[in-house]
>>> print(open('final-v4.cif').read())   # mmCIF, C-alpha atoms
data_model
#
loop_
_atom_site.group_PDB
_atom_site.id
_atom_site.type_symbol
_atom_site.label_atom_id
_atom_site.label_comp_id
_atom_site.auth_asym_id
_atom_site.auth_seq_id
_atom_site.Cartn_x
_atom_site.Cartn_y
_atom_site.Cartn_z
ATOM 1 C CA MET A 666 0.000 0.000 0.000
ATOM 2 C CA THR A 667 1.303 3.478 -0.864
ATOM 3 C CA THR A 668 0.614 6.618 1.117
ATOM 4 C CA ILE A 669 0.230 9.987 -0.590
ATOM 5 C CA LEU A 670 2.305 12.614 1.174
ATOM 6 C CA PRO A 671 1.690 16.376 1.001
ATOM 7 C CA ALA A 672 4.127 18.567 -0.892
ATOM 8 C CA HIS A 673 4.636 20.660 2.259
ATOM 9 C CA PRO A 674 4.219 19.346 5.855
ATOM 10 C CA SER A 675 1.205 20.852 7.624
ATOM 11 C CA ASP A 676 3.126 21.365 10.878
ATOM 12 C CA GLY A 677 5.636 23.728 9.245
ATOM 13 C CA THR A 678 8.632 21.463 9.885
ATOM 14 C CA GLN A 679 11.196 20.861 7.153
ATOM 15 C CA PRO A 680 11.208 17.245 5.917
ATOM 16 C CA PRO A 681 14.459 15.357 5.350
ATOM 17 C CA PHE A 682 15.992 15.299 1.869
ATOM 18 C CA ARG A 683 13.305 14.323 -0.627
ATOM 19 C CA HIS A 684 14.497 12.195 -3.513
ATOM 20 C CA GLU A 685 11.694 11.432 -5.956
ATOM 21 C CA LEU A 686 11.608 9.311 -9.088
ATOM 22 C CA TYR A 687 9.186 10.589 -11.728
ATOM 23 C CA PRO A 688 8.424 7.988 -14.424
ATOM 24 C CA TYR A 689 6.831 9.609 -17.476
ATOM 25 C CA ARG A 690 6.060 8.834 -21.120
ATOM 26 C CA GLY A 691 6.458 11.505 -23.743
ATOM 27 C CA ALA A 692 7.207 15.208 -23.740
ATOM 28 C CA GLY A 693 3.734 16.131 -22.506
ATOM 29 C CA GLU A 694 4.017 14.115 -19.287
ATOM 30 C CA PHE A 695 7.574 15.318 -18.755
ATOM 31 C CA LEU A 696 6.484 18.923 -18.980
ATOM 32 C CA SER A 697 3.381 18.615 -16.798
ATOM 33 C CA GLY A 698 5.206 16.785 -14.007
ATOM 34 C CA THR A 699 8.324 18.930 -13.894
ATOM 35 C CA LEU A 700 6.399 22.207 -14.183
ATOM 36 C CA ALA A 701 4.163 21.198 -11.274
ATOM 37 C CA TYR A 702 7.273 20.458 -9.219
ATOM 38 C CA ILE A 703 8.837 23.804 -10.187
ATOM 39 C CA HIS A 704 5.675 25.773 -9.413
ATOM 40 C CA GLU A 705 5.523 24.148 -5.962
ATOM 41 C CA ALA A 706 9.053 25.405 -5.397
ATOM 42 C CA LEU A 707 8.332 28.933 -6.622
ATOM 43 C CA GLU A 708 5.225 29.200 -4.446
ATOM 44 C CA GLY A 709 7.351 28.229 -1.440
ATOM 45 C CA GLY A 710 10.102 30.733 -2.236
ATOM 46 C CA GLU A 711 12.534 27.991 -3.224
ATOM 47 C CA ALA A 712 15.200 28.068 -5.924
ATOM 48 C CA VAL A 713 15.393 25.387 -8.642
ATOM 49 C CA VAL A 714 18.386 23.856 -10.419
ATOM 50 C CA VAL A 715 17.624 21.950 -13.628
ATOM 51 C CA ALA A 716 19.984 19.423 -15.252
ATOM 52 C CA VAL A 717 18.139 17.573 -18.040
ATOM 53 C CA PRO A 718 18.935 16.611 -21.656
ATOM 54 C CA PRO A 719 18.957 19.537 -24.132
ATOM 55 C CA ASP A 720 15.601 18.724 -25.751
ATOM 56 C CA ARG A 721 13.889 18.607 -22.351
ATOM 57 C CA ALA A 722 15.639 21.781 -21.218
ATOM 58 C CA SER A 723 14.285 23.590 -24.294
ATOM 59 C CA LEU A 724 10.734 22.593 -23.381
ATOM 60 C CA LEU A 725 11.126 23.939 -19.848
ATOM 61 C CA ARG A 726 12.824 27.162 -20.942
ATOM 62 C CA GLU A 727 10.002 27.906 -23.361
ATOM 63 C CA ALA A 728 7.344 27.221 -20.719
ATOM 64 C CA LEU A 729 9.051 29.163 -17.920
ATOM 65 C CA GLY A 730 10.362 32.148 -19.822
ATOM 66 C CA ASP A 731 12.912 34.240 -17.957
ATOM 67 C CA GLU A 732 12.282 32.917 -14.435
ATOM 68 C CA PRO A 733 15.166 34.121 -12.201
ATOM 69 C CA ALA A 734 14.604 31.461 -9.540
ATOM 70 C CA VAL A 735 15.312 28.641 -12.026
ATOM 71 C CA THR A 736 18.877 27.880 -13.095
ATOM 72 C CA PHE A 737 19.754 25.511 -15.941
ATOM 73 C CA VAL A 738 23.060 23.616 -15.765
ATOM 74 C CA ASP A 739 24.722 21.286 -18.254
ATOM 75 C CA THR A 740 26.081 17.989 -16.909
ATOM 76 C CA MET A 741 27.866 17.411 -20.227
ATOM 77 C CA THR A 742 30.541 19.871 -19.088
ATOM 78 C CA LEU A 743 31.487 17.407 -16.336
ATOM 79 C CA GLY A 744 32.536 14.707 -18.774
ATOM 80 C CA PRO A 745 31.241 11.129 -18.894
ATOM 81 C CA ASN A 746 32.145 9.994 -15.360
ATOM 82 C CA PRO A 747 29.114 9.721 -13.002
ATOM 83 C CA GLY A 748 31.559 9.917 -10.085
ATOM 84 C CA ARG A 749 31.720 13.693 -10.583
ATOM 85 C CA LEU A 750 27.979 14.283 -10.304
ATOM 86 C CA VAL A 751 27.525 14.327 -6.525
ATOM 87 C CA GLY A 752 30.204 16.987 -6.122
ATOM 88 C CA ALA A 753 28.634 19.046 -8.904
ATOM 89 C CA TRP A 754 25.168 18.870 -7.336
ATOM 90 C CA VAL A 755 26.575 19.916 -3.958
ATOM 91 C CA ALA A 756 28.160 22.974 -5.584
ATOM 92 C CA TRP A 757 25.025 23.870 -7.567
ATOM 93 C CA MET A 758 22.731 23.515 -4.566
ATOM 94 C CA GLN A 759 25.020 25.526 -2.282
ATOM 95 C CA GLU A 760 25.339 28.298 -4.847
ATOM 96 C CA ARG A 761 21.563 28.646 -5.272
ATOM 97 C CA GLY A 762 20.804 28.131 -1.573
ATOM 98 C CA GLU A 763 22.505 31.244 -0.250
ATOM 99 C CA GLY A 764 21.131 32.281 3.120
ATOM 100 C CA ASP A 765 19.714 28.795 3.806
ATOM 101 C CA ARG A 766 17.204 29.183 0.964
ATOM 102 C CA PRO A 767 15.621 25.782 0.130
ATOM 103 C CA VAL A 768 16.635 24.410 -3.267
ATOM 104 C CA ARG A 769 15.034 21.833 -5.514
ATOM 105 C CA GLY A 770 16.964 19.951 -8.151
ATOM 106 C CA ILE A 771 15.635 18.286 -11.298
ATOM 107 C CA GLY A 772 18.130 15.786 -12.655
ATOM 108 C CA GLU A 773 17.418 13.511 -15.609
ATOM 109 C CA THR A 774 20.092 11.089 -16.767
ATOM 110 C CA ALA A 775 20.358 10.211 -20.452
ATOM 111 C CA TRP A 776 20.143 6.496 -19.649
ATOM 112 C CA ARG A 777 20.023 5.366 -23.249
ATOM 113 C CA GLU A 778 23.366 7.011 -23.920
ATOM 114 C CA ALA A 779 25.226 4.833 -21.403
ATOM 115 C CA ARG A 780 28.431 3.671 -23.079
ATOM 116 C CA SER A 781 28.711 0.257 -21.415
ATOM 117 C CA ALA A 782 27.192 -2.010 -18.787
ATOM 118 C CA ALA A 783 29.765 -0.668 -16.303
ATOM 119 C CA HIS A 784 28.762 2.926 -17.086
ATOM 120 C CA LEU A 785 25.069 2.104 -16.650
ATOM 121 C CA SER A 786 25.787 0.410 -13.316
ATOM 122 C CA GLU A 787 27.655 3.476 -12.030
ATOM 123 C CA LEU A 788 24.830 5.783 -13.144
ATOM 124 C CA ARG A 789 22.398 3.767 -11.018
ATOM 125 C CA TYR A 790 24.821 3.766 -8.095
ATOM 126 C CA HIS A 791 25.024 7.569 -8.316
ATOM 127 C CA GLU A 792 21.243 7.768 -7.894
ATOM 128 C CA TRP A 793 21.465 5.676 -4.705
ATOM 129 C CA LEU A 794 24.416 7.697 -3.377
ATOM 130 C CA LEU A 795 22.429 10.928 -3.592
ATOM 131 C CA ASN A 796 20.409 9.687 -0.613
ATOM 132 C CA ARG A 797 23.613 9.355 1.398
ATOM 133 C CA ALA A 798 25.161 12.583 0.165
ATOM 134 C CA PHE A 799 22.146 14.739 1.049
ATOM 135 C CA ALA A 800 20.689 12.743 3.952
ATOM 136 C CA ARG A 801 21.042 15.659 6.380
ATOM 137 C CA SER A 802 20.217 18.397 3.869
ATOM 138 C CA SER A 803 16.597 19.116 4.748
ATOM 139 C CA ALA A 804 16.670 22.306 2.665
ATOM 140 C CA TRP A 805 17.334 20.322 -0.521
ATOM 141 C CA SER A 806 15.150 17.991 -2.569
ATOM 142 C CA MET A 807 15.447 16.381 -5.979
ATOM 143 C CA LEU A 808 13.173 15.090 -8.711
ATOM 144 C CA CYS A 809 14.560 12.516 -11.143
ATOM 145 C CA PRO A 810 12.450 12.253 -14.319
ATOM 146 C CA TYR A 811 12.751 8.918 -16.108
ATOM 147 C CA ASP A 812 11.475 8.386 -19.645
ATOM 148 C CA ASP A 813 9.578 5.073 -19.508
ATOM 149 C CA ALA A 814 8.696 5.120 -23.205
ATOM 150 C CA ASP A 815 10.153 1.632 -23.693
ATOM 151 C CA GLU A 816 7.982 0.268 -20.853
ATOM 152 C CA ASP A 817 10.959 -1.744 -19.616
ATOM 153 C CA ARG A 818 9.613 -2.796 -16.217
ATOM 154 C CA SER A 819 12.880 -4.400 -15.149
ATOM 155 C CA ALA A 820 14.878 -1.213 -15.795
ATOM 156 C CA LEU A 821 12.294 0.931 -14.026
ATOM 157 C CA GLU A 822 12.170 -1.354 -10.990
ATOM 158 C CA THR A 823 15.954 -1.407 -10.738
ATOM 159 C CA LEU A 824 16.117 2.380 -10.817
ATOM 160 C CA SER A 825 13.167 2.845 -8.464
ATOM 161 C CA ARG A 826 15.038 0.937 -5.755
ATOM 162 C CA CYS A 827 17.414 3.913 -5.572
ATOM 163 C CA HIS A 828 14.611 6.396 -4.793
ATOM 164 C CA PRO A 829 12.704 6.476 -1.469
ATOM 165 C CA LEU A 830 9.819 8.387 -3.087
ATOM 166 C CA ILE A 831 7.921 8.172 -6.381
ATOM 167 C CA ARG A 832 5.923 11.058 -7.867
ATOM 168 C CA GLN A 833 2.447 10.148 -9.091
ATOM 169 C CA ASP A 834 -0.367 12.480 -10.143
ATOM 170 C CA GLY A 835 1.258 15.558 -8.636
ATOM 171 C CA HIS A 836 2.083 13.944 -5.276
ATOM 172 C CA TYR A 837 4.907 11.839 -3.990
ATOM 173 C CA VAL A 838 4.365 8.445 -2.394
ATOM 174 C CA ARG A 839 6.616 6.250 -0.335
ATOM 175 C CA ASN A 840 8.399 3.640 -2.412
ATOM 176 C CA GLU A 841 8.077 0.271 -0.696
ATOM 177 C CA GLY A 842 10.793 -1.139 -2.959
ATOM 178 C CA TYR A 843 13.461 1.390 -1.922
ATOM 179 C CA LEU A 844 16.808 -0.075 -0.886
ATOM 180 C CA THR A 845 17.157 0.730 2.804
ATOM 181 C CA ALA A 846 20.130 -1.592 3.407
ATOM 182 C CA GLU A 847 23.475 -0.110 4.404
ATOM 183 C CA ASP A 848 25.289 -1.806 1.521
ATOM 184 C CA TYR A 849 24.432 -1.259 -2.129
ATOM 185 C CA PRO A 850 23.874 -4.528 -4.078
ATOM 186 C CA PHE A 851 26.337 -4.023 -6.912
ATOM 187 C CA GLU A 852 26.238 -6.104 -10.039
ATOM 188 C CA ALA A 853 29.299 -8.376 -10.188
ATOM 189 C CA LEU A 854 32.291 -6.890 -11.971
ATOM 190 C CA SER A 855 32.827 -8.364 -15.408
ATOM 191 C CA PRO A 856 35.843 -10.702 -15.690
ATOM 192 C CA ALA A 857 39.135 -9.255 -16.898
ATOM 193 C CA CYS A 858 39.233 -9.492 -20.673
ATOM 194 C CA ASP A 859 41.893 -11.788 -22.145
ATOM 195 C CA PRO A 860 44.598 -11.076 -22.920
ATOM 196 C CA PHE A 861 45.406 -8.977 -19.847
ATOM 197 C CA GLN A 862 48.683 -7.826 -18.343
ATOM 198 C CA GLU A 863 49.395 -8.346 -14.620
ATOM 199 C CA LEU A 864 51.928 -6.871 -12.204
ATOM 200 C CA SER A 865 52.301 -7.259 -8.442
ATOM 201 C CA TYR A 866 53.566 -4.139 -6.683
ATOM 202 C CA ALA A 867 54.738 -3.016 -3.246
ATOM 203 C CA HIS A 868 56.699 -0.180 -1.680
ATOM 204 C CA GLY A 869 59.225 1.203 -4.153
ATOM 205 C CA ASP A 870 57.371 -0.067 -7.248
ATOM 206 C CA LEU A 871 55.410 3.049 -8.236
ATOM 207 C CA ALA A 872 57.725 3.808 -11.156
ATOM 208 C CA ALA A 873 57.251 0.251 -12.452
ATOM 209 C CA VAL A 874 53.464 0.580 -12.124
ATOM 210 C CA ARG A 875 53.456 3.852 -14.092
ATOM 211 C CA SER A 876 55.730 2.412 -16.758
ATOM 212 C CA LYS A 877 53.587 -0.695 -17.152
ATOM 213 C CA VAL A 878 50.371 1.283 -17.450
ATOM 214 C CA SER A 879 51.907 3.794 -19.850
ATOM 215 C CA GLN A 880 53.149 1.088 -22.203
ATOM 216 C CA CYS A 881 49.893 -0.892 -22.127
ATOM 217 C CA ALA A 882 47.820 2.272 -22.609
ATOM 218 C CA SER A 883 49.967 3.298 -25.570
ATOM 219 C CA ASP A 884 49.586 -0.145 -27.126
ATOM 220 C CA ALA A 885 45.812 0.175 -26.670
ATOM 221 C CA GLY A 886 45.682 3.476 -28.547
ATOM 222 C CA VAL A 887 45.238 5.829 -25.581
ATOM 223 C CA GLY A 888 46.378 9.334 -26.530
ATOM 224 C CA GLU A 889 49.382 11.071 -24.984
ATOM 225 C CA GLU A 890 47.359 13.601 -22.951
ATOM 226 C CA GLN A 891 45.091 10.842 -21.646
ATOM 227 C CA ARG A 892 48.155 8.809 -20.658
ATOM 228 C CA ARG A 893 49.543 11.729 -18.656
ATOM 229 C CA ARG A 894 46.274 12.119 -16.776
ATOM 230 C CA LEU A 895 46.046 8.384 -16.226
ATOM 231 C CA ALA A 896 49.585 8.305 -14.807
ATOM 232 C CA VAL A 897 48.529 10.695 -12.036
ATOM 233 C CA ALA A 898 45.442 8.627 -11.194
ATOM 234 C CA VAL A 899 47.420 5.369 -11.257
ATOM 235 C CA THR A 900 50.032 6.796 -8.896
ATOM 236 C CA GLU A 901 47.352 7.883 -6.426
ATOM 237 C CA ILE A 902 45.534 4.547 -6.407
ATOM 238 C CA ALA A 903 48.704 2.435 -6.164
ATOM 239 C CA THR A 904 49.975 4.661 -3.351
ATOM 240 C CA ASN A 905 46.708 4.117 -1.467
ATOM 241 C CA SER A 906 47.153 0.338 -1.899
ATOM 242 C CA ILE A 907 50.630 0.447 -0.403
ATOM 243 C CA ARG A 908 49.660 2.748 2.478
ATOM 244 C CA HIS A 909 46.240 1.369 3.375
ATOM 245 C CA GLY A 910 45.883 -1.975 1.569
ATOM 246 C CA GLY A 911 48.404 -4.141 3.338
ATOM 247 C CA GLY A 912 51.525 -2.740 1.707
ATOM 248 C CA HIS A 913 51.052 -4.354 -1.679
ATOM 249 C CA GLY A 914 48.573 -4.975 -4.469
ATOM 250 C CA THR A 915 47.997 -6.399 -7.930
ATOM 251 C CA LEU A 916 47.620 -4.423 -11.149
ATOM 252 C CA ARG A 917 45.845 -5.734 -14.228
ATOM 253 C CA THR A 918 45.311 -3.922 -17.522
ATOM 254 C CA TRP A 919 43.253 -4.799 -20.578
ATOM 255 C CA THR A 920 41.191 -3.300 -23.373
ATOM 256 C CA GLN A 921 37.488 -3.988 -23.788
ATOM 257 C CA ASP A 922 34.733 -2.290 -25.797
ATOM 258 C CA ALA A 923 36.898 0.707 -26.787
ATOM 259 C CA THR A 924 37.942 1.200 -23.150
ATOM 260 C CA PHE A 925 41.353 0.775 -21.549
ATOM 261 C CA VAL A 926 40.991 -0.570 -18.002
ATOM 262 C CA CYS A 927 43.458 -0.513 -15.093
ATOM 263 C CA GLU A 928 42.399 -2.698 -12.182
ATOM 264 C CA PHE A 929 43.968 -2.464 -8.716
ATOM 265 C CA ARG A 930 43.326 -5.127 -6.061
ATOM 266 C CA ASP A 931 44.515 -5.051 -2.459
ATOM 267 C CA ALA A 932 43.502 -6.187 1.025
ATOM 268 C CA GLY A 933 42.359 -2.769 2.255
ATOM 269 C CA TYR A 934 38.841 -1.591 3.037
ATOM 270 C CA ILE A 935 37.210 1.750 2.210
ATOM 271 C CA PRO A 936 34.356 2.262 4.703
ATOM 272 C CA ASP A 937 33.187 5.627 3.337
ATOM 273 C CA VAL A 938 30.979 5.136 0.275
ATOM 274 C CA MET A 939 31.335 8.845 -0.467
ATOM 275 C CA ALA A 940 35.126 8.673 -0.721
ATOM 276 C CA GLY A 941 36.216 10.484 -3.873
ATOM 277 C CA ARG A 942 32.741 11.802 -4.655
ATOM 278 C CA THR A 943 33.026 15.244 -3.068
ATOM 279 C CA ARG A 944 35.897 17.719 -3.234
ATOM 280 C CA PRO A 945 38.251 17.317 -0.237
ATOM 281 C CA THR A 946 38.412 20.266 2.123
ATOM 282 C CA VAL A 947 41.693 22.065 2.805
ATOM 283 C CA ASP A 948 42.070 20.474 6.251
ATOM 284 C CA GLN A 949 40.766 17.024 5.266
ATOM 285 C CA ILE A 950 43.055 14.050 5.876
ATOM 286 C CA GLY A 951 42.958 11.584 2.991
ATOM 287 C CA GLY A 952 40.453 11.212 0.175
ATOM 288 C CA ARG A 953 42.367 13.221 -2.417
ATOM 289 C CA GLY A 954 43.601 10.212 -4.381
ATOM 290 C CA LEU A 955 40.137 8.892 -5.180
ATOM 291 C CA TRP A 956 38.886 12.410 -5.908
ATOM 292 C CA LEU A 957 41.692 12.946 -8.413
ATOM 293 C CA ALA A 958 41.018 9.583 -10.041
ATOM 294 C CA GLN A 959 37.367 10.522 -10.534
ATOM 295 C CA GLN A 960 38.372 13.808 -12.166
ATOM 296 C CA LEU A 961 41.030 12.278 -14.431
ATOM 297 C CA CYS A 962 39.351 9.072 -15.647
ATOM 298 C CA ASP A 963 36.262 8.483 -17.777
ATOM 299 C CA LEU A 964 34.843 5.970 -15.274
ATOM 300 C CA VAL A 965 35.885 4.660 -11.856
ATOM 301 C CA GLU A 966 34.461 1.499 -10.296
ATOM 302 C CA ILE A 967 35.090 0.904 -6.583
ATOM 303 C CA ARG A 968 34.190 -2.321 -4.809
ATOM 304 C CA SER A 969 35.306 -2.664 -1.200
ATOM 305 C CA THR A 970 34.327 -5.052 1.597
ATOM 306 C CA ARG A 971 35.941 -6.074 4.860
ATOM 307 C CA ASP A 972 36.025 -9.725 3.780
ATOM 308 C CA HIS A 973 37.349 -9.394 0.226
ATOM 309 C CA GLY A 974 39.357 -6.172 0.231
ATOM 310 C CA THR A 975 39.209 -3.478 -2.434
ATOM 311 C CA THR A 976 39.049 -3.526 -6.216
ATOM 312 C CA ILE A 977 39.287 -0.259 -8.141
ATOM 313 C CA ARG A 978 38.966 -0.062 -11.908
ATOM 314 C CA LEU A 979 40.029 3.048 -13.815
ATOM 315 C CA HIS A 980 38.496 3.349 -17.291
ATOM 316 C CA VAL A 981 39.840 5.513 -20.112
ATOM 317 C CA ASP A 982 37.946 5.748 -23.391
ATOM 318 C CA VAL A 983 39.960 4.762 -26.458
ATOM 319 C CA PRO A 984 39.211 6.591 -29.735
ATOM 320 C CA ARG A 985 37.347 4.236 -32.046
#
>>> encode(input="final-v4.cif", output="structure tokens")
Amino acid sequence: MTTILPAHPSDGTQPPFRHELYPYRGAGEFLSGTLAYIHEALEGGEAVVVAVPPDRASLLREALGDEPAVTFVDTMTLGPNPGRLVGAWVAWMQERGEGDRPVRGIGETAWREARSAAHLSELRYHEWLLNRAFARSSAWSMLCPYDDADEDRSALETLSRCHPLIRQDGHYVRNEGYLTAEDYPFEALSPACDPFQELSYAHGDLAAVRSKVSQCASDAGVGEEQRRRLAVAVTEIATNSIRHGGGHGTLRTWTQDATFVCEFRDAGYIPDVMAGRTRPTVDQIGGRGLWLAQQLCDLVEIRSTRDHGTTIRLHVDVPR
């Protein structure tokens, strides 16, 4: 049974972060649902940040005109890595929420443009992480439109598990299928693609790790500038393995589906699921290596458990 919840609490209290999935079909439903959400915000004196595909943004711009409380942003400027999105949303919300002004976000992912199964998996994980990132941000809320034109029930159900609320007929309802567990149920990583290169490393081996990655990346067709950026990311991740992963680790590299992959395995454990997702503060201890990797690579997969240690995969797109 679902319970319809009011857009604004009757007792005047501020609800916790609201994260709503809005399944729609067609431009008409997109426009009616998002405009209703925006008008709720404007009536409450809230600001709105919109990050949707260009065709959807055009529809909203035409309907809203020059509305100063609504800001349009372009996620394409962030590059393809979903690991940069949480940090971007934090910055956008803080900028528009000056003076503790409540802010609503509208974020629609171009799901059908996912470049690989790994990319699609990380896009879903980002949706789940938003609940963690903004859990204590009662002044923020977010609507995630999802084009259900294909009527793919499996895809919709998988995505809905990342959203505690679903918007229906102008209201939001509690989602009984929301993942409330502490640990996210990742899909299993795909096996390393043969042929792959492997190198064990420990203290004093960083130069060998960089050299190995540089040669393999060059053989795979990765450009010179990309190789320089990758070298920085590789150094950071290997250093973390040596410092926090038992003093040693294993590197594997391979090419798959026009992507060059560097995989690092060690015995360490990363307890903070937000590690690398938000910009480190000046006085923060640790966390810069993963942040840099997210900024320098086209995709970063992190799997870490107490029982099995940590696996980190750095992906760099190879020109086709």
>>> resolve_selection(input="final-v4.cif", expression="the PyMOL selection byres ((chain A and resi 681) around 9)", output="list of chain:residue names")
A:Gln679, A:Pro680, A:Phe682, A:Arg683, A:Phe799, A:Ala800, A:Arg801, A:Ser802, A:Ser803, A:Ala804, A:Trp805, A:Ser806
>>> residues_around(input="final-v4.cif", residues="A:Val738", least_positions_apart="6", cutoff="9 Å", atoms="all atoms listed in the file", output="PyMOL selection string")
chain A and resi 714-717+757
>>> residues_around(input="final-v4.cif", residues="stretch 843-857 of chain A", least_positions_apart="5", cutoff="7 Å", atoms="all atoms listed in the file", output="MDAnalysis selection string")
chainID A and resid 825:829
>>> closest_residue(input="final-v4.cif", among="A:Leu808, A:Ala756, A:Met741, A:Leu871", to="A:Leu700", atoms="all atoms listed in the file")
A:Leu808
>>> closest_residue(input="final-v4.cif", among="A:Phe861, A:Phe925, A:Phe737, A:Tyr866", to="A:Leu964", atoms="all atoms listed in the file")
A:Phe925
>>> resolve_selection(input="final-v4.cif", expression="the PyMOL selection byres ((chain A and resi 929-933) around 10)", output="PyMOL selection string")
chain A and resi 863-866+899+902-903+905-918+926-928+934-936+967-979
>>> resolve_selection(input="final-v4.cif", expression="the PyMOL selection byres ((chain A and resi 954) around 8)", output="list of chain:residue names")
A:Ala898, A:Glu901, A:Ile902, A:Asn905, A:Gly941, A:Gly951, A:Gly952, A:Arg953, A:Leu955, A:Trp956, A:Leu957, A:Ala958
>>> atom_distance(input="final-v4.cif", atom1="atom CA of A:Ala814", atom2="atom CA of A:Arg690")
5.0 Å
>>> closest_residue(input="final-v4.cif", among="A:Asp963, A:Val947, A:Tyr689, A:Gly730", to="A:Glu816", atoms="only C-alpha atoms")
A:Tyr689
>>> closest_residue(input="final-v4.cif", among="A:Pro767, A:Pro984, A:Gly835, A:Gly752", to="A:Ala734", atoms="all atoms listed in the file")
A:Pro767
>>> residues_near_point(input="final-v4.cif", point="(28.1, -0.6, -12.8)", cutoff="9 Å", atoms="all atoms listed in the file", output="PyMOL selection string")
chain A and resi 781-790+851-854+966
>>> residues_near_point(input="final-v4.cif", point="(14.2, 2.5, -14.1)", cutoff="10 Å", atoms="all atoms listed in the file", output="PyMOL selection string")
chain A and resi 686-688+776+789+810-813+816-827
>>> decode(input="final-v4.cif", residues="stretch 732-745 of chain A", atoms="N, CA, C and O atoms", output="PDB file, in the first residue's frame")
ATOM      1  N   GLU A 732      12.585  33.053 -15.862  1.00  0.00           N
ATOM      2  CA  GLU A 732      12.282  32.917 -14.435  1.00  0.00           C
ATOM      3  C   GLU A 732      13.599  32.928 -13.647  1.00  0.00           C
ATOM      4  O   GLU A 732      14.387  31.992 -13.732  1.00  0.00           O
ATOM      5  N   PRO A 733      13.862  33.988 -12.865  1.00  0.00           N
ATOM      6  CA  PRO A 733      15.166  34.121 -12.201  1.00  0.00           C
ATOM      7  C   PRO A 733      15.436  33.070 -11.136  1.00  0.00           C
ATOM      8  O   PRO A 733      16.596  32.831 -10.788  1.00  0.00           O
ATOM      9  N   ALA A 734      14.403  32.450 -10.600  1.00  0.00           N
ATOM     10  CA  ALA A 734      14.604  31.461  -9.540  1.00  0.00           C
ATOM     11  C   ALA A 734      15.005  30.096 -10.072  1.00  0.00           C
ATOM     12  O   ALA A 734      15.328  29.192  -9.304  1.00  0.00           O
ATOM     13  N   VAL A 735      14.983  29.926 -11.410  1.00  0.00           N
ATOM     14  CA  VAL A 735      15.312  28.641 -12.026  1.00  0.00           C
ATOM     15  C   VAL A 735      16.628  28.764 -12.780  1.00  0.00           C
ATOM     16  O   VAL A 735      16.777  29.635 -13.640  1.00  0.00           O
ATOM     17  N   THR A 736      17.569  27.897 -12.447  1.00  0.00           N
ATOM     18  CA  THR A 736      18.877  27.880 -13.095  1.00  0.00           C
ATOM     19  C   THR A 736      19.054  26.579 -13.870  1.00  0.00           C
ATOM     20  O   THR A 736      18.806  25.495 -13.330  1.00  0.00           O
ATOM     21  N   PHE A 737      19.484  26.685 -15.121  1.00  0.00           N
ATOM     22  CA  PHE A 737      19.754  25.511 -15.941  1.00  0.00           C
ATOM     23  C   PHE A 737      21.259  25.256 -15.952  1.00  0.00           C
ATOM     24  O   PHE A 737      22.051  26.180 -16.158  1.00  0.00           O
ATOM     25  N   VAL A 738      21.652  24.000 -15.727  1.00  0.00           N
ATOM     26  CA  VAL A 738      23.060  23.616 -15.765  1.00  0.00           C
ATOM     27  C   VAL A 738      23.219  22.469 -16.755  1.00  0.00           C
ATOM     28  O   VAL A 738      22.265  21.755 -17.065  1.00  0.00           O
ATOM     29  N   ASP A 739      24.440  22.291 -17.230  1.00  0.00           N
ATOM     30  CA  ASP A 739      24.722  21.286 -18.254  1.00  0.00           C
ATOM     31  C   ASP A 739      25.690  20.257 -17.696  1.00  0.00           C
ATOM     32  O   ASP A 739      26.869  20.550 -17.471  1.00  0.00           O
ATOM     33  N   THR A 740      25.216  19.033 -17.451  1.00  0.00           N
ATOM     34  CA  THR A 740      26.081  17.989 -16.909  1.00  0.00           C
ATOM     35  C   THR A 740      27.116  17.524 -17.923  1.00  0.00           C
ATOM     36  O   THR A 740      28.107  16.891 -17.546  1.00  0.00           O
ATOM     37  N   MET A 741      26.910  17.822 -19.205  1.00  0.00           N
ATOM     38  CA  MET A 741      27.866  17.411 -20.227  1.00  0.00           C
ATOM     39  C   MET A 741      29.233  18.048 -19.989  1.00  0.00           C
ATOM     40  O   MET A 741      30.262  17.496 -20.389  1.00  0.00           O
ATOM     41  N   THR A 742      29.266  19.212 -19.356  1.00  0.00           N
ATOM     42  CA  THR A 742      30.541  19.871 -19.088  1.00  0.00           C
ATOM     43  C   THR A 742      31.378  19.112 -18.071  1.00  0.00           C
ATOM     44  O   THR A 742      32.580  19.369 -17.933  1.00  0.00           O
ATOM     45  N   LEU A 743      30.768  18.179 -17.340  1.00  0.00           N
ATOM     46  CA  LEU A 743      31.487  17.407 -16.336  1.00  0.00           C
ATOM     47  C   LEU A 743      32.238  16.228 -16.937  1.00  0.00           C
ATOM     48  O   LEU A 743      33.050  15.600 -16.261  1.00  0.00           O
ATOM     49  N   GLY A 744      31.957  15.896 -18.184  1.00  0.00           N
ATOM     50  CA  GLY A 744      32.536  14.707 -18.774  1.00  0.00           C
ATOM     51  C   GLY A 744      31.670  13.493 -18.500  1.00  0.00           C
ATOM     52  O   GLY A 744      30.613  13.588 -17.875  1.00  0.00           O
ATOM     53  N   PRO A 745      32.106  12.313 -18.947  1.00  0.00           N
ATOM     54  CA  PRO A 745      31.241  11.129 -18.894  1.00  0.00           C
ATOM     55  C   PRO A 745      31.168  10.425 -17.548  1.00  0.00           C
ATOM     56  O   PRO A 745      30.321   9.568 -17.355  1.00  0.00           O
TER      57      PRO A 745
END
